[in-house]
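Just below is one structure, and these are the notes that go with it.
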Amino acid sequence: MEKRTQIGNITVELLLGDISEQEVDAIVNAANRRLAGGGGVDGAIHRLGGPAIMAETRQKYPNGCPTGFAVATGAGNLAAKWVFHTVGPRYRDGLHGEEDALRACYQNCLRLAVEHGCQSIAFPAIATGAYGYPIDEAAIVALQAVRDFQSGENPCPQLVRFVLFSGDDFKVYARALEPEPRREYVGQAKPNTMSVCILADSSGSMAGIADDMSGSLNTLMAENRNLDAEVTVTYSTFSSNYQPQFAEKPIAEVPEFKIVPTNSTALLESAYTMIEEVDARFAALDAYPEKVLFVIVTDGMENASRPQYTRARLFSLIERQTKERNWVFLYFGANQDAIHEAASFGIDASRSMNYCADRHGLERNRERLSRKMEQVMCCQQSALGDVCFDDEDRKE
Ligand code: AR6
């Protein structure tokens, strides 16, 4: 079983096989923090490679290697020239930094490949065996790491091979390699129209500010009723799950916004679902809104999405909508580093805002949103990419 595709300048191959037998410049070992050897990939590499690899590892890295990092040794009797030993995260529930650590494994190995002048590198599905990382999520992280690496203008190995140990794992990677399917739109953009999509947190942490939040959204609608354009509004909330409230209502007819705080924060899943829903709706219209302003407001950290809704997946989707559809995403986050959080799923720092979760903070958000609605509506389609929070918006 084999599959090959091109990601930028890199040829990406999927292969059913044994990592230790690969004839490439570098193979990656799924090691542990002590670099002490073990089963699975680690066992296969040391068995076939002979004792020289462990001897060099002990001598050069007596303190082992932290999770997410990678170190290089020679490859003993293997066909490869180098072994990069990286330490994947032990998977607990996906909420303990596992994704960041796994991404770092791939990034650090790709960096080592560049440093060692490797033209080709083979990866196993790091962390998906003894460490229990779900393979479908791991596949997305692995492939996204390659995409990110090559788009960062790094010099790159020409060939990145993923060596999978079972037909099922191969199929999962093959599916993940397909791009997020791009929907074809059947209609045309209707001039002078804008869709405002609002996804608001209604998790338990909103309890103290829910009324102020819904009040500020109601005021926002009232004060923008007379924009010189056809404006429609779609509103969804989220807590432990995604809750659509209303869709594509003309701004003069929107029902009252309500927020009933409860439970946890399934941000990634809800954002993904709402974007897909809106995109699918527009794809089927004869005349779809020319401009889309997509606003996410939250005051808590992601803690409840189902595992298939990874940051990497949301990142790809938001990137696609931003680049290909010109949607403007804005992110408002309280009680967190909103800039860092939004960047992790594809919303640029210039479009994310920390706010204070109190009445004044929400009032400021309303003013900011009002300005952005007007700006999006007034600017040329080709200038939508420049819409961002300016100095005036950044004032407390
Ligand atoms: N070639 C390719 N893939 C393989 C091979 C092989 N020879 N053997 C297993 N896999 P694992 P981890 C697949 O457990 O989860 C070790 O004891 C396997 O099916 O090797 O990062 C280390 O010393 C799975 O999909 O690595 C650590 O203590 C994937 O490779 C710990 O396991 C990774 O499985 C690391 O656990």
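The chains in the structure tokens are called A, B, ... from first to last as shown; in each chain the residues are counted from 1, and the ligands are counted from 1 in the order shown.
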inquiry  = List as an MDAnalysis selection string the protein and nucleic acid residues near segment 69-84 of chain A, meaning an atom at most 6 Å away when only C-alpha atoms are counted, but skip any in the same chain fewer than 3 places from it.
reply    = chainID A and resid 23:29 49 52:53 66 105 108
ask   = Can you list, as a list in words, every protein, DNA or RNA residue that comes within 9 Å of segment 318-327 of chain A when you count only C-alpha atoms, leaving out same-chain residues fewer than 6 positions away?
value = Glu180, Arg182, Tyr272, Ile275, Asp279, Lys291, Val292, Leu293, Phe294, Phe345, Gly346, Ile347, Gln381, Ser382, Leu384 and Gly385 of chain A
request  = Kindly indicate which residue among A:Cys197, A:Ala142, A:Cys65, A:Cys109 lies nearest to Val172 of chain A, using only C-alpha atoms for the distances.
outcome  = A:Ala142
inquiry  = Using only C-alpha atoms and all ligand atoms, which residues have at least one atom no more than 6 Å from ligand 1? Output them as number ranges by chain.
reply    = A: 18-20, 30-32, 37-42, 44, 88, 124-132, 163-165
Using C-alpha atoms, can you write the selected residues to a file as a PDB file, in the first residue's frame?
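Done, and the output landed in result_31.pdb:
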```
ATOM      1  CA  ASP A  18       8.331  -1.238   9.007  1.00  0.00           C
ATOM      2  CA  ILE A  19      10.057   2.033   9.893  1.00  0.00           C
ATOM      3  CA  SER A  20      13.351   0.344  10.699  1.00  0.00           C
ATOM      4  CA  ALA A  30       9.146   6.978  18.858  1.00  0.00           C
ATOM      5  CA  ALA A  31      11.230   6.939  22.026  1.00  0.00           C
ATOM      6  CA  ASN A  32      10.656   7.560  25.730  1.00  0.00           C
ATOM      7  CA  GLY A  37      14.657   1.624  24.486  1.00  0.00           C
ATOM      8  CA  GLY A  38      11.378  -0.264  24.616  1.00  0.00           C
ATOM      9  CA  GLY A  39       8.795  -1.952  22.410  1.00  0.00           C
ATOM     10  CA  GLY A  40       7.088  -0.962  19.158  1.00  0.00           C
ATOM     11  CA  VAL A  41       9.099   1.345  16.900  1.00  0.00           C
ATOM     12  CA  ASP A  42      11.831   1.754  19.502  1.00  0.00           C
ATOM     13  CA  ALA A  44      12.358  -2.521  16.021  1.00  0.00           C
ATOM     14  CA  GLY A  88       5.684  11.815  22.003  1.00  0.00           C
ATOM     15  CA  PRO A 124       6.193   6.423  12.291  1.00  0.00           C
ATOM     16  CA  ALA A 125       2.849   7.454  13.775  1.00  0.00           C
ATOM     17  CA  ILE A 126       4.492   8.898  16.882  1.00  0.00           C
ATOM     18  CA  ALA A 127       2.676   8.342  20.201  1.00  0.00           C
ATOM     19  CA  THR A 128      -0.148   6.275  18.699  1.00  0.00           C
ATOM     20  CA  GLY A 129       1.000   2.942  20.130  1.00  0.00           C
ATOM     21  CA  ALA A 130       2.016   2.542  23.772  1.00  0.00           C
ATOM     22  CA  TYR A 131       1.306   6.246  24.386  1.00  0.00           C
ATOM     23  CA  GLY A 132      -2.309   5.956  23.255  1.00  0.00           C
ATOM     24  CA  VAL A 163       5.333   4.578   7.600  1.00  0.00           C
ATOM     25  CA  LEU A 164       2.161   3.009   8.929  1.00  0.00           C
ATOM     26  CA  PHE A 165       2.040  -0.352  10.625  1.00  0.00           C
TER      27      PHE A 165
END
```
inquiry  = Can you tell me which residues surround Gly8 of chain A at a distance of at most 10 Å, considering only C-alpha atoms, apart from same-chain residues fewer than 3 positions away, and format the answer as a list of chain:residue names?
reply    = A:Thr5, A:Thr11, A:Val12, A:Val146, A:Arg147, A:Phe149, A:Gln150, A:Ser151, A:Cys156, A:Gln158
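Distances to Cys388 of chain A were evaluated for A:Glu2, A:Asp348, A:Glu290, A:Glu178 using only C-alpha atoms, and the minimum falls at A:Asp348.
Here the question is which of A:Phe246, A:Tyr309, A:Tyr61, A:Phe389 gets nearest to Ile339 of chain A using only C-alpha atoms, and that residue is A:Phe389.
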key: Top pick for closest residue to Leu220 of chain A, considering A:Ala207, A:Ile45, A:Val254, A:Leu285 and counting only C-alpha atoms   =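 Counting only C-alpha atoms, the residue closest to Leu220 of chain A is A:Val254.
Our summary of the geometry notes that atom CA of Gly333 of chain A is positioned 8.8 Å from atom CA of Met301 of chain A.
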key: In segment 64-191 of chain A, DSSP helix (DSSP H, G or I) residues written as an NGL selection string   = :A and (98-115 or 135-151 or 167-177)
Next, the residues of the selection above should be written as a tab-separated table (two decimals), in the first residue's frame with N, CA and C atoms.
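Below is the file that was written, selection_27.tsv:
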```tsv
chain	number	residue	atom	x	y	z
A	98	GLU	N	-1.35	17.70	24.81
A	98	GLU	CA	-0.86	16.60	23.98
A	98	GLU	C	-0.64	17.03	22.53
A	99	GLU	N	-1.59	17.83	22.01
A	99	GLU	CA	-1.48	18.21	20.60
A	99	GLU	C	-0.23	19.07	20.36
A	100	ASP	N	0.00	20.04	21.23
A	100	ASP	CA	1.19	20.89	21.08
A	100	ASP	C	2.46	20.05	21.14
A	101	ALA	N	2.48	19.10	22.07
A	101	ALA	CA	3.69	18.27	22.23
A	101	ALA	C	3.91	17.41	21.00
A	102	LEU	N	2.83	16.84	20.46
A	102	LEU	CA	2.99	15.98	19.29
A	102	LEU	C	3.45	16.81	18.08
A	103	ARG	N	2.84	18.00	17.93
A	103	ARG	CA	3.26	18.87	16.82
A	103	ARG	C	4.75	19.19	16.94
A	104	ALA	N	5.18	19.46	18.19
A	104	ALA	CA	6.59	19.81	18.41
A	104	ALA	C	7.51	18.65	18.00
A	105	CYS	N	7.08	17.41	18.24
A	105	CYS	CA	7.89	16.24	17.82
A	105	CYS	C	8.18	16.32	16.32
A	106	TYR	N	7.12	16.55	15.54
A	106	TYR	CA	7.29	16.59	14.08
A	106	TYR	C	8.14	17.79	13.66
A	107	GLN	N	7.85	18.95	14.27
A	107	GLN	CA	8.61	20.15	13.91
A	107	GLN	C	10.10	19.96	14.23
A	108	ASN	N	10.37	19.42	15.41
A	108	ASN	CA	11.78	19.28	15.81
A	108	ASN	C	12.51	18.26	14.95
A	109	CYS	N	11.83	17.21	14.54
A	109	CYS	CA	12.48	16.23	13.66
A	109	CYS	C	12.72	16.84	12.27
A	110	LEU	N	11.76	17.63	11.78
A	110	LEU	CA	11.97	18.27	10.48
A	110	LEU	C	13.14	19.25	10.55
A	111	ARG	N	13.24	19.95	11.68
A	111	ARG	CA	14.39	20.86	11.85
A	111	ARG	C	15.70	20.08	11.86
A	112	LEU	N	15.72	18.96	12.58
A	112	LEU	CA	16.94	18.14	12.61
A	112	LEU	C	17.29	17.66	11.20
A	113	ALA	N	16.26	17.34	10.41
A	113	ALA	CA	16.50	16.88	9.04
A	113	ALA	C	17.22	17.97	8.24
A	114	VAL	N	16.76	19.20	8.41
A	114	VAL	CA	17.40	20.31	7.70
A	114	VAL	C	18.83	20.48	8.20
A	115	GLU	N	19.01	20.49	9.52
A	115	GLU	CA	20.34	20.67	10.10
A	115	GLU	C	21.33	19.60	9.63
A	135	ILE	N	-5.26	7.74	16.61
A	135	ILE	CA	-4.57	7.82	15.33
A	135	ILE	C	-5.18	8.87	14.40
A	136	ASP	N	-6.52	9.05	14.44
A	136	ASP	CA	-7.11	10.01	13.49
A	136	ASP	C	-6.71	11.44	13.84
A	137	GLU	N	-6.61	11.72	15.13
A	137	GLU	CA	-6.15	13.06	15.52
A	137	GLU	C	-4.66	13.22	15.24
A	138	ALA	N	-3.90	12.18	15.53
A	138	ALA	CA	-2.45	12.24	15.34
A	138	ALA	C	-2.11	12.47	13.87
A	139	ALA	N	-2.89	11.84	12.97
A	139	ALA	CA	-2.62	11.97	11.54
A	139	ALA	C	-2.78	13.43	11.10
A	140	ILE	N	-3.80	14.08	11.62
A	140	ILE	CA	-4.04	15.48	11.24
A	140	ILE	C	-2.89	16.37	11.74
A	141	VAL	N	-2.46	16.12	12.96
A	141	VAL	CA	-1.35	16.91	13.53
A	141	VAL	C	-0.08	16.69	12.71
A	142	ALA	N	0.19	15.44	12.36
A	142	ALA	CA	1.42	15.11	11.62
A	142	ALA	C	1.44	15.81	10.27
A	143	LEU	N	0.33	15.71	9.55
A	143	LEU	CA	0.30	16.29	8.20
A	143	LEU	C	0.29	17.81	8.25
A	144	GLN	N	-0.39	18.36	9.26
A	144	GLN	CA	-0.41	19.81	9.39
A	144	GLN	C	0.99	20.33	9.71
A	145	ALA	N	1.73	19.59	10.50
A	145	ALA	CA	3.10	20.02	10.84
A	145	ALA	C	3.95	20.12	9.57
A	146	VAL	N	3.76	19.19	8.65
A	146	VAL	CA	4.52	19.24	7.39
A	146	VAL	C	4.08	20.45	6.56
A	147	ARG	N	2.77	20.66	6.48
A	147	ARG	CA	2.27	21.83	5.72
A	147	ARG	C	2.84	23.12	6.30
A	148	ASP	N	2.76	23.25	7.63
A	148	ASP	CA	3.25	24.47	8.28
A	148	ASP	C	4.73	24.66	8.04
A	149	PHE	N	5.46	23.56	8.13
A	149	PHE	CA	6.91	23.65	8.00
A	149	PHE	C	7.29	24.17	6.63
A	150	GLN	N	6.65	23.64	5.61
A	150	GLN	CA	7.05	24.06	4.27
A	150	GLN	C	6.53	25.47	3.95
A	151	SER	N	5.39	25.85	4.54
A	151	SER	CA	4.88	27.19	4.23
A	151	SER	C	5.66	28.25	5.00
A	167	GLY	N	-3.09	-1.63	7.97
A	167	GLY	CA	-3.92	-1.11	6.88
A	167	GLY	C	-4.89	-0.06	7.38
A	168	ASP	N	-5.42	-0.24	8.60
A	168	ASP	CA	-6.36	0.73	9.14
A	168	ASP	C	-5.68	2.08	9.37
A	169	ASP	N	-4.47	2.03	9.93
A	169	ASP	CA	-3.74	3.29	10.16
A	169	ASP	C	-3.44	3.98	8.83
A	170	PHE	N	-3.09	3.17	7.84
A	170	PHE	CA	-2.81	3.73	6.50
A	170	PHE	C	-4.04	4.47	5.98
A	171	LYS	N	-5.21	3.85	6.14
A	171	LYS	CA	-6.45	4.47	5.64
A	171	LYS	C	-6.73	5.79	6.34
A	172	VAL	N	-6.46	5.81	7.65
A	172	VAL	CA	-6.71	7.04	8.41
A	172	VAL	C	-5.81	8.17	7.88
A	173	TYR	N	-4.56	7.87	7.64
A	173	TYR	CA	-3.64	8.89	7.09
A	173	TYR	C	-4.08	9.31	5.68
A	174	ALA	N	-4.50	8.32	4.89
A	174	ALA	CA	-4.90	8.63	3.51
A	174	ALA	C	-6.08	9.60	3.52
A	175	ARG	N	-7.00	9.38	4.45
A	175	ARG	CA	-8.15	10.28	4.55
A	175	ARG	C	-7.70	11.67	4.99
A	176	ALA	N	-6.79	11.70	5.96
A	176	ALA	CA	-6.33	13.00	6.48
A	176	ALA	C	-5.54	13.79	5.43
A	177	LEU	N	-4.99	13.06	4.48
A	177	LEU	CA	-4.20	13.71	3.44
A	177	LEU	C	-5.07	14.44	2.42
```
Contacts of Pro289 of chain A at 9 Å (only C-alpha atoms; same-chain gap of 2+ positions) as a CSV table (one decimal) with C-alpha atoms, in the first residue's frame:
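Generated output (result.csv):
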```
chain,number,residue,atom,x,y,z
A,188,GLN,CA,-23.0,34.4,-7.3
A,189,ALA,CA,-22.1,36.9,-4.6
A,190,LYS,CA,-24.8,39.5,-4.2
A,191,PRO,CA,-23.5,43.0,-4.1
A,192,ASN,CA,-23.9,45.2,-1.0
A,193,THR,CA,-24.8,42.3,1.3
A,194,MET,CA,-23.2,41.2,4.5
A,195,SER,CA,-23.7,38.2,6.7
A,230,GLU,CA,-28.6,44.2,3.2
A,231,VAL,CA,-27.3,42.7,6.5
A,232,THR,CA,-28.3,39.3,7.8
A,282,PHE,CA,-24.2,29.8,1.2
A,287,ALA,CA,-27.1,34.7,-4.4
A,291,LYS,CA,-19.1,39.8,2.8
A,292,VAL,CA,-19.0,37.6,5.9
```
Would you pick out the contacts of Met274 of chain A at 10 Å or less, using only C-alpha atoms, so that residues sharing its chain but fewer than 2 positions from it are not included, and give the list as a tab-separated table (two decimals) with C-alpha atoms, in the first residue's frame?
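What follows is the written file part-v6.tsv:
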```tsv
chain	number	residue	atom	x	y	z
A	197	CYS	CA	-22.22	35.37	12.15
A	198	ILE	CA	-21.92	35.44	15.93
A	199	LEU	CA	-20.81	32.48	18.01
A	234	THR	CA	-26.72	34.21	12.20
A	235	TYR	CA	-26.41	33.48	15.90
A	236	SER	CA	-25.28	30.36	17.74
A	237	THR	CA	-24.17	29.73	21.29
A	242	TYR	CA	-23.11	23.58	19.87
A	243	GLN	CA	-26.48	25.37	19.95
A	244	PRO	CA	-27.71	27.12	16.81
A	269	GLU	CA	-16.19	21.82	17.89
A	270	SER	CA	-18.72	24.65	17.87
A	271	ALA	CA	-16.63	26.99	15.75
A	272	TYR	CA	-15.94	24.20	13.27
A	276	GLU	CA	-19.32	24.41	8.03
A	277	GLU	CA	-23.03	25.07	8.47
A	278	VAL	CA	-22.82	28.63	7.18
A	279	ASP	CA	-20.58	27.65	4.28
A	280	ALA	CA	-22.91	24.81	3.26
A	294	PHE	CA	-17.57	35.82	11.65
```
ask   = Which one is closest to Arg306 of chain A: A:Tyr331, A:Ile10, A:Leu267, A:Glu367? Count only C-alpha atoms.
value =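 Of the candidates, the smallest distance to Arg306 of chain A is held by A:Leu267.
Among the candidates A:Ser264, A:Asp358, A:Thr310, A:Met54, the one nearest to Pro134 of chain A when counting only C-alpha atoms is A:Thr310.
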